[in-house]
>>> print(open('input-v2.txt').read())   # compact mmCIF, C-alpha atoms
# COMPACT_ATOMS: atom_id res chain seq x y z
CA MET A 1 82.50 22.06 61.46
CA LEU A 2 83.46 25.29 63.18
CA LEU A 3 87.09 26.25 62.66
CA SER A 4 88.87 29.00 64.61
CA VAL A 5 91.56 30.75 62.58
CA HIS A 6 93.57 33.94 62.93
CA PRO A 7 92.05 36.78 60.88
CA ARG A 8 95.05 36.78 58.51
CA PHE A 9 94.37 33.14 57.61
CA ALA A 10 90.59 33.56 57.42
CA ASN A 11 91.10 36.37 54.91
CA ALA A 12 93.54 34.26 52.87
CA ILE A 13 91.16 31.27 52.85
CA LEU A 14 88.25 33.45 51.75
CA ALA A 15 90.40 35.11 49.07
CA GLY A 16 91.40 31.66 47.76
CA SER A 17 95.14 32.17 48.29
CA LYS A 18 95.27 29.71 51.22
CA THR A 19 93.65 26.39 50.33
CA VAL A 20 95.12 24.18 53.05
CA GLU A 21 94.58 24.72 56.77
CA VAL A 22 96.85 22.71 59.06
CA ARG A 23 96.02 21.32 62.49
CA ARG A 24 98.14 19.53 65.10
CA GLN A 25 95.77 16.61 65.49
CA ARG A 26 93.82 14.17 63.38
CA VAL A 27 90.75 15.72 61.80
CA ALA A 28 88.09 13.18 60.84
CA ALA A 29 85.74 15.02 58.52
CA PRO A 30 84.62 13.65 55.17
CA PRO A 31 84.96 15.54 51.91
CA GLY A 32 82.05 17.91 51.41
CA THR A 33 81.84 18.89 55.08
CA PRO A 34 80.92 22.59 55.39
CA VAL A 35 83.36 24.61 57.51
CA LEU A 36 82.31 27.83 59.24
CA LEU A 37 85.29 30.15 59.68
CA TYR A 38 85.52 31.96 62.99
CA ALA A 39 88.17 34.69 62.89
CA THR A 40 89.80 35.04 66.30
CA ALA A 41 90.79 38.31 68.04
CA PRO A 42 90.72 41.08 67.19
CA THR A 43 87.94 40.23 64.67
CA MET A 44 86.01 37.73 66.86
CA ALA A 45 83.32 36.92 64.29
CA LEU A 46 82.09 34.31 61.84
CA VAL A 47 83.40 35.68 58.56
CA GLY A 48 82.66 33.00 55.98
CA MET A 49 82.65 29.37 55.13
CA ALA A 50 84.20 26.78 52.82
CA ARG A 51 83.97 23.04 52.19
CA ILE A 52 86.48 20.33 52.93
CA ALA A 53 87.73 18.83 49.67
CA SER A 54 90.05 16.36 51.40
CA VAL A 55 91.95 15.72 54.63
CA HIS A 56 95.54 14.51 54.67
CA VAL A 57 96.57 13.02 58.01
CA GLY A 58 100.21 12.17 58.54
CA SER A 59 103.35 13.25 60.29
CA PRO A 60 103.99 16.99 60.39
CA LYS A 61 106.83 16.44 57.90
CA ASP A 62 104.55 14.56 55.47
CA VAL A 63 101.80 17.19 55.66
CA TRP A 64 104.29 20.02 55.07
CA SER A 65 105.91 18.20 52.15
CA ALA A 66 102.57 17.65 50.46
CA HIS A 67 100.93 21.03 51.09
CA HIS A 68 103.44 23.74 52.06
CA ALA A 69 102.79 25.89 48.99
CA LYS A 70 99.07 26.08 49.81
CA THR A 71 99.22 26.73 53.58
CA GLY A 72 99.89 30.47 53.49
CA ILE A 73 102.54 30.17 56.20
CA THR A 74 106.32 30.02 56.30
CA ARG A 75 108.28 26.92 57.25
CA ARG A 76 109.34 28.68 60.45
CA GLU A 77 105.70 29.39 61.42
CA TYR A 78 104.73 25.79 60.58
CA ASP A 79 107.58 24.30 62.61
CA ALA A 80 106.77 26.53 65.60
CA TYR A 81 103.08 25.55 65.42
CA MET A 82 103.83 21.84 65.03
CA ASP A 83 106.56 21.73 67.71
CA GLY A 84 106.05 18.53 69.70
CA ALA A 85 103.22 17.23 67.50
CA THR A 86 103.44 13.64 66.26
CA GLN A 87 100.50 13.92 63.90
CA ALA A 88 99.15 16.65 61.63
CA SER A 89 96.17 17.20 59.37
CA GLY A 90 96.07 19.24 56.21
CA LEU A 91 92.50 20.27 55.38
CA THR A 92 92.14 21.17 51.72
CA LEU A 93 89.36 23.74 51.50
CA GLU A 94 87.30 24.69 48.47
CA ASN A 95 84.41 26.95 47.49
CA PRO A 96 85.11 29.77 49.99
CA VAL A 97 82.20 32.11 50.69
CA LEU A 98 82.77 35.49 52.36
CA PHE A 99 79.77 36.56 54.42
CA ASP A 100 78.38 39.96 53.41
CA GLU A 101 78.22 40.84 57.09
CA PRO A 102 80.50 39.15 59.65
CA VAL A 103 78.57 37.76 62.62
CA PRO A 104 80.26 39.09 65.77
CA LEU A 105 80.80 37.00 68.86
CA SER A 106 78.31 39.19 70.75
CA ALA A 107 75.52 38.26 68.28
CA LEU A 108 76.48 34.58 68.43
CA ARG A 109 76.27 34.65 72.21
CA ALA A 110 72.98 36.59 72.14
CA ALA A 111 71.48 33.73 70.08
CA GLY A 112 72.41 31.19 72.78
CA THR A 113 75.41 29.60 74.42
CA PHE A 114 78.32 29.99 72.02
CA HIS A 115 81.96 29.28 72.71
CA PRO A 116 84.47 29.54 69.88
CA PRO A 117 86.69 26.46 69.85
CA GLN A 118 90.40 26.62 70.54
CA SER A 119 91.02 24.80 67.26
CA TYR A 120 87.85 23.29 65.80
CA ARG A 121 84.72 21.41 66.73
CA TYR A 122 82.00 19.53 64.98
CA LEU A 123 78.55 21.11 64.99
CA ARG A 124 75.24 19.37 65.63
CA SER A 125 71.97 20.44 63.99
CA ALA A 126 71.02 22.42 67.10
CA ASP A 127 74.35 24.28 66.93
CA LEU A 128 73.76 25.12 63.26
CA ARG A 129 70.28 26.45 63.99
CA GLN A 130 71.64 28.62 66.79
CA VAL A 131 74.45 30.00 64.62
CA SER A 132 72.04 30.65 61.74
CA GLU A 133 69.81 32.69 64.06
CA ALA A 134 72.73 35.00 64.84
CA GLY A 135 73.01 36.45 61.37
CA PRO A 136 71.21 36.46 58.02
CA ALA A 137 74.46 35.95 56.08
CA VAL A 138 75.13 32.70 57.93
CA ARG A 139 71.53 31.54 57.55
CA SER A 140 71.58 32.19 53.80
CA ALA A 141 74.93 30.45 53.27
CA LEU A 142 73.97 27.46 55.41
CA ARG A 143 70.64 27.07 53.63
CA LYS A 144 72.51 26.59 50.36
CA VAL A 145 74.71 23.79 51.68
CA LEU A 146 72.54 22.26 54.41
CA PRO A 147 68.90 22.97 53.57
CA ASP A 148 67.59 20.32 55.98
CA ALA A 149 69.62 21.53 58.97
CA VAL A 150 68.58 25.19 58.90
CA HIS A 151 64.95 26.26 59.05
CA ALA A 152 63.26 29.68 58.98
>>> encode(input="input-v2.txt", output="structure tokens")
Amino acid sequence: MLLSVHPRFANAILAGSKTVEVRRQRVAAPPGTPVLLYATAPTMALVGMARIASVHVGSPKDVWSAHHAKTGITRREYDAYMDGATQASGLTLENPVLFDEPVPLSALRAAGTFHPPQSYRYLRSADLRQVSEAGPAVRSALRKVLPDAVHA
């Protein structure tokens, strides 16, 4: 999975102080799914990865009640983000890995067609190979968690 997050949240996830990422829609990813973290502007780079430990889907109120202390955001920020949403997902992330060298958007695009998602998207094997070609840090990290998906 490729997850777009603001740099502030990417840094907090990679530092281990933010262990739950919230989304306005249902996320259907099983535990153990690797998550590549794309830090949005002004960083605009793949900065690290983590694994999904669990996904809690429920109402925005339920997700906040269960995870607010681990989201790294205030109630005001959460309410503004969830305004109008009827469903929310809380992705509990574990095993964060900070890439030694962030992989900038320009390198990702040089390796092929790459479009950062607005929120998140699932990656196919071909997508993983393309992303791994963009930077040695990504290739090394992906090899550890998905040895069959990344070659070279």
>>> residues_around(input="input-v2.txt", residues="A:Lys18", least_positions_apart="4", cutoff="9 Å", atoms="only C-alpha atoms", output="list of chain:residue names")
A:Phe9, A:Ala10, A:Asn11, A:Ala12, A:Ile13, A:Leu14, A:Ala69, A:Lys70, A:Thr71, A:Gly72, A:Ile73, A:Leu93
>>> closest_residue(input="input-v2.txt", among="A:Tyr38, A:Ala107, A:Gly84, A:Asn95", to="A:Ala15", atoms="all atoms listed in the file")
A:Asn95
>>> residues_around(input="input-v2.txt", residues="A:Ala111", least_positions_apart="2", cutoff="7 Å", atoms="only C-alpha atoms", output="tab-separated table (two decimals) with C-alpha atoms, in the coordinates of the input")
chain	number	residue	atom	x	y	z
A	107	ALA	CA	75.52	38.26	68.28
A	108	LEU	CA	76.48	34.58	68.43
A	109	ARG	CA	76.27	34.65	72.21
A	130	GLN	CA	71.64	28.62	66.79
A	133	GLU	CA	69.81	32.69	64.06
A	134	ALA	CA	72.73	35.00	64.84
>>> closest_residue(input="input-v2.txt", among="A:Met82, A:Val131, A:Ala28, A:Ala141", to="A:Ala110", atoms="only C-alpha atoms")
A:Val131
>>> atom_distance(input="input-v2.txt", atom1="atom CA of A:Thr19", atom2="atom CA of A:Ser4")
15.3 Å
>>> closest_residue(input="input-v2.txt", among="A:Pro102, A:Asp83, A:Arg8, A:Tyr122", to="A:Pro30", atoms="all atoms listed in the file")
A:Tyr122
>>> atom_distance(input="input-v2.txt", atom1="atom CA of A:His115", atom2="atom CA of A:Val27")
19.5 Å
>>> closest_residue(input="input-v2.txt", among="A:Pro104, A:Pro7, A:Gly58, A:Pro136", to="A:Gly90", atoms="all atoms listed in the file")
A:Gly58
>>> closest_residue(input="input-v2.txt", among="A:Thr92, A:Ser132, A:Ser106, A:Thr43", to="A:His68", atoms="all atoms listed in the file")
A:Thr92
>>> closest_residue(input="input-v2.txt", among="A:Pro60, A:Ala80, A:Ala45, A:Phe99", to="A:Phe114", atoms="only C-alpha atoms")
A:Ala45
>>> atom_distance(input="input-v2.txt", atom1="atom CA of A:Lys61", atom2="atom CA of A:Val35")
24.9 Å
>>> residues_around(input="input-v2.txt", residues="A:His6", least_positions_apart="4", cutoff="8 Å", atoms="all atoms listed in the file", output="list of chain:residue names")
A:Ala10, A:Ala39, A:Thr40, A:Ala41
>>> residues_near_point(input="input-v2.txt", point="(99.2, 20.9, 64.7)", cutoff="10 Å", atoms="all atoms listed in the file", output="list in words")
Glu21, Val22, Arg23, Arg24, Gln25, Arg26, Ser59, Pro60, Tyr78, Asp79, Ala80, Tyr81, Met82, Asp83, Gly84, Ala85, Thr86, Gln87, Ala88, Ser89, Gly90 and Ser119 of chain A
>>> residues_near_point(input="input-v2.txt", point="(86.1, 16.0, 50.8)", cutoff="9 Å", atoms="only C-alpha atoms", output="number ranges by chain")
A: 29-33, 51-55, 91-93
>>> write_last_selection(input="input-v2.txt", atoms="C-alpha atoms", output="CSV table (one decimal), in the coordinates of the input")
chain,number,residue,atom,x,y,z
A,29,ALA,CA,85.7,15.0,58.5
A,30,PRO,CA,84.6,13.6,55.2
A,31,PRO,CA,85.0,15.5,51.9
A,32,GLY,CA,82.0,17.9,51.4
A,33,THR,CA,81.8,18.9,55.1
A,51,ARG,CA,84.0,23.0,52.2
A,52,ILE,CA,86.5,20.3,52.9
A,53,ALA,CA,87.7,18.8,49.7
A,54,SER,CA,90.0,16.4,51.4
A,55,VAL,CA,92.0,15.7,54.6
A,91,LEU,CA,92.5,20.3,55.4
A,92,THR,CA,92.1,21.2,51.7
A,93,LEU,CA,89.4,23.7,51.5
>>> residues_around(input="input-v2.txt", residues="A:Met49", least_positions_apart="4", cutoff="6 Å", atoms="only C-alpha atoms", output="list in words")
Val35, Leu36, Leu37, Pro96 and Val97 of chain A
>>> build_atoms(input="input-v2.txt", residues="stretch 113-139 of chain A", atoms="N, CA, C and O atoms", output="mmCIF file, in the coordinates of the input")
data_model
loop_
_atom_site.group_PDB
_atom_site.id
_atom_site.type_symbol
_atom_site.label_atom_id
_atom_site.label_comp_id
_atom_site.auth_asym_id
_atom_site.auth_seq_id
_atom_site.Cartn_x
_atom_site.Cartn_y
_atom_site.Cartn_z
ATOM 1 N N THR A 113 74.074 29.881 73.900
ATOM 2 C CA THR A 113 75.410 29.600 74.420
ATOM 3 C C THR A 113 76.345 29.344 73.256
ATOM 4 O O THR A 113 76.129 28.429 72.475
ATOM 5 N N PHE A 114 77.349 30.164 73.104
ATOM 6 C CA PHE A 114 78.320 29.990 72.020
ATOM 7 C C PHE A 114 79.715 30.180 72.568
ATOM 8 O O PHE A 114 80.007 31.181 73.212
ATOM 9 N N HIS A 115 80.565 29.204 72.305
ATOM 10 C CA HIS A 115 81.960 29.280 72.710
ATOM 11 C C HIS A 115 82.821 28.932 71.502
ATOM 12 O O HIS A 115 82.750 27.800 71.021
ATOM 13 N N PRO A 116 83.605 29.878 71.000
ATOM 14 C CA PRO A 116 84.470 29.540 69.880
ATOM 15 C C PRO A 116 85.476 28.470 70.312
ATOM 16 O O PRO A 116 85.993 28.526 71.430
ATOM 17 N N PRO A 117 85.738 27.506 69.462
ATOM 18 C CA PRO A 117 86.690 26.460 69.850
ATOM 19 C C PRO A 117 88.123 26.961 69.810
ATOM 20 O O PRO A 117 88.438 27.918 69.098
ATOM 21 N N GLN A 118 88.975 26.305 70.570
ATOM 22 C CA GLN A 118 90.400 26.620 70.540
ATOM 23 C C GLN A 118 90.962 26.322 69.146
ATOM 24 O O GLN A 118 91.724 27.093 68.601
ATOM 25 N N SER A 119 90.548 25.209 68.572
ATOM 26 C CA SER A 119 91.020 24.800 67.260
ATOM 27 C C SER A 119 89.829 24.591 66.310
ATOM 28 O O SER A 119 89.628 25.348 65.382
ATOM 29 N N TYR A 120 89.043 23.562 66.593
ATOM 30 C CA TYR A 120 87.850 23.290 65.800
ATOM 31 C C TYR A 120 86.901 22.428 66.613
ATOM 32 O O TYR A 120 87.287 21.840 67.619
ATOM 33 N N ARG A 121 85.663 22.362 66.158
ATOM 34 C CA ARG A 121 84.720 21.410 66.730
ATOM 35 C C ARG A 121 83.646 21.114 65.700
ATOM 36 O O ARG A 121 83.373 21.903 64.800
ATOM 37 N N TYR A 122 83.085 19.935 65.859
ATOM 38 C CA TYR A 122 82.000 19.530 64.980
ATOM 39 C C TYR A 122 80.707 20.133 65.499
ATOM 40 O O TYR A 122 80.540 20.304 66.709
ATOM 41 N N LEU A 123 79.814 20.477 64.601
ATOM 42 C CA LEU A 123 78.550 21.110 64.990
ATOM 43 C C LEU A 123 77.393 20.149 64.778
ATOM 44 O O LEU A 123 77.322 19.457 63.768
ATOM 45 N N ARG A 124 76.483 20.143 65.746
ATOM 46 C CA ARG A 124 75.240 19.370 65.630
ATOM 47 C C ARG A 124 74.183 20.262 64.984
ATOM 48 O O ARG A 124 74.367 21.474 64.862
ATOM 49 N N SER A 125 73.061 19.668 64.615
ATOM 50 C CA SER A 125 71.970 20.440 63.990
ATOM 51 C C SER A 125 71.531 21.593 64.873
ATOM 52 O O SER A 125 71.280 22.700 64.386
ATOM 53 N N ALA A 126 71.437 21.353 66.182
ATOM 54 C CA ALA A 126 71.020 22.420 67.100
ATOM 55 C C ALA A 126 72.023 23.570 67.087
ATOM 56 O O ALA A 126 71.647 24.739 67.147
ATOM 57 N N ASP A 127 73.316 23.251 67.003
ATOM 58 C CA ASP A 127 74.350 24.280 66.930
ATOM 59 C C ASP A 127 74.191 25.109 65.653
ATOM 60 O O ASP A 127 74.314 26.330 65.665
ATOM 61 N N LEU A 128 73.920 24.420 64.542
ATOM 62 C CA LEU A 128 73.760 25.120 63.260
ATOM 63 C C LEU A 128 72.559 26.048 63.287
ATOM 64 O O LEU A 128 72.620 27.164 62.784
ATOM 65 N N ARG A 129 71.461 25.586 63.887
ATOM 66 C CA ARG A 129 70.280 26.450 63.990
ATOM 67 C C ARG A 129 70.588 27.684 64.810
ATOM 68 O O ARG A 129 70.229 28.801 64.451
ATOM 69 N N GLN A 130 71.290 27.492 65.931
ATOM 70 C CA GLN A 130 71.640 28.620 66.790
ATOM 71 C C GLN A 130 72.522 29.617 66.049
ATOM 72 O O GLN A 130 72.280 30.824 66.076
ATOM 73 N N VAL A 131 73.536 29.128 65.355
ATOM 74 C CA VAL A 131 74.450 30.000 64.620
ATOM 75 C C VAL A 131 73.698 30.719 63.509
ATOM 76 O O VAL A 131 73.907 31.911 63.262
ATOM 77 N N SER A 132 72.784 30.026 62.843
ATOM 78 C CA SER A 132 72.040 30.650 61.740
ATOM 79 C C SER A 132 71.124 31.761 62.236
ATOM 80 O O SER A 132 70.841 32.713 61.512
ATOM 81 N N GLU A 133 70.668 31.655 63.482
ATOM 82 C CA GLU A 133 69.810 32.690 64.060
ATOM 83 C C GLU A 133 70.591 33.963 64.378
ATOM 84 O O GLU A 133 70.005 35.034 64.527
ATOM 85 N N ALA A 134 71.903 33.848 64.466
ATOM 86 C CA ALA A 134 72.730 35.000 64.840
ATOM 87 C C ALA A 134 72.946 35.979 63.701
ATOM 88 O O ALA A 134 73.254 37.142 63.943
ATOM 89 N N GLY A 135 72.782 35.528 62.470
ATOM 90 C CA GLY A 135 73.010 36.450 61.370
ATOM 91 C C GLY A 135 72.445 35.959 60.055
ATOM 92 O O GLY A 135 72.571 34.790 59.727
ATOM 93 N N PRO A 136 71.817 36.852 59.290
ATOM 94 C CA PRO A 136 71.210 36.460 58.020
ATOM 95 C C PRO A 136 72.217 35.928 57.000
ATOM 96 O O PRO A 136 71.896 35.061 56.203
ATOM 97 N N ALA A 137 73.448 36.425 57.030
ATOM 98 C CA ALA A 137 74.460 35.950 56.080
ATOM 99 C C ALA A 137 74.773 34.479 56.326
ATOM 100 O O ALA A 137 74.916 33.701 55.384
ATOM 101 N N VAL A 138 74.856 34.102 57.590
ATOM 102 C CA VAL A 138 75.130 32.700 57.930
ATOM 103 C C VAL A 138 73.933 31.845 57.541
ATOM 104 O O VAL A 138 74.087 30.786 56.935
ATOM 105 N N ARG A 139 72.740 32.293 57.867
ATOM 106 C CA ARG A 139 71.530 31.540 57.550
ATOM 107 C C ARG A 139 71.428 31.285 56.053
ATOM 108 O O ARG A 139 71.174 30.175 55.611
#
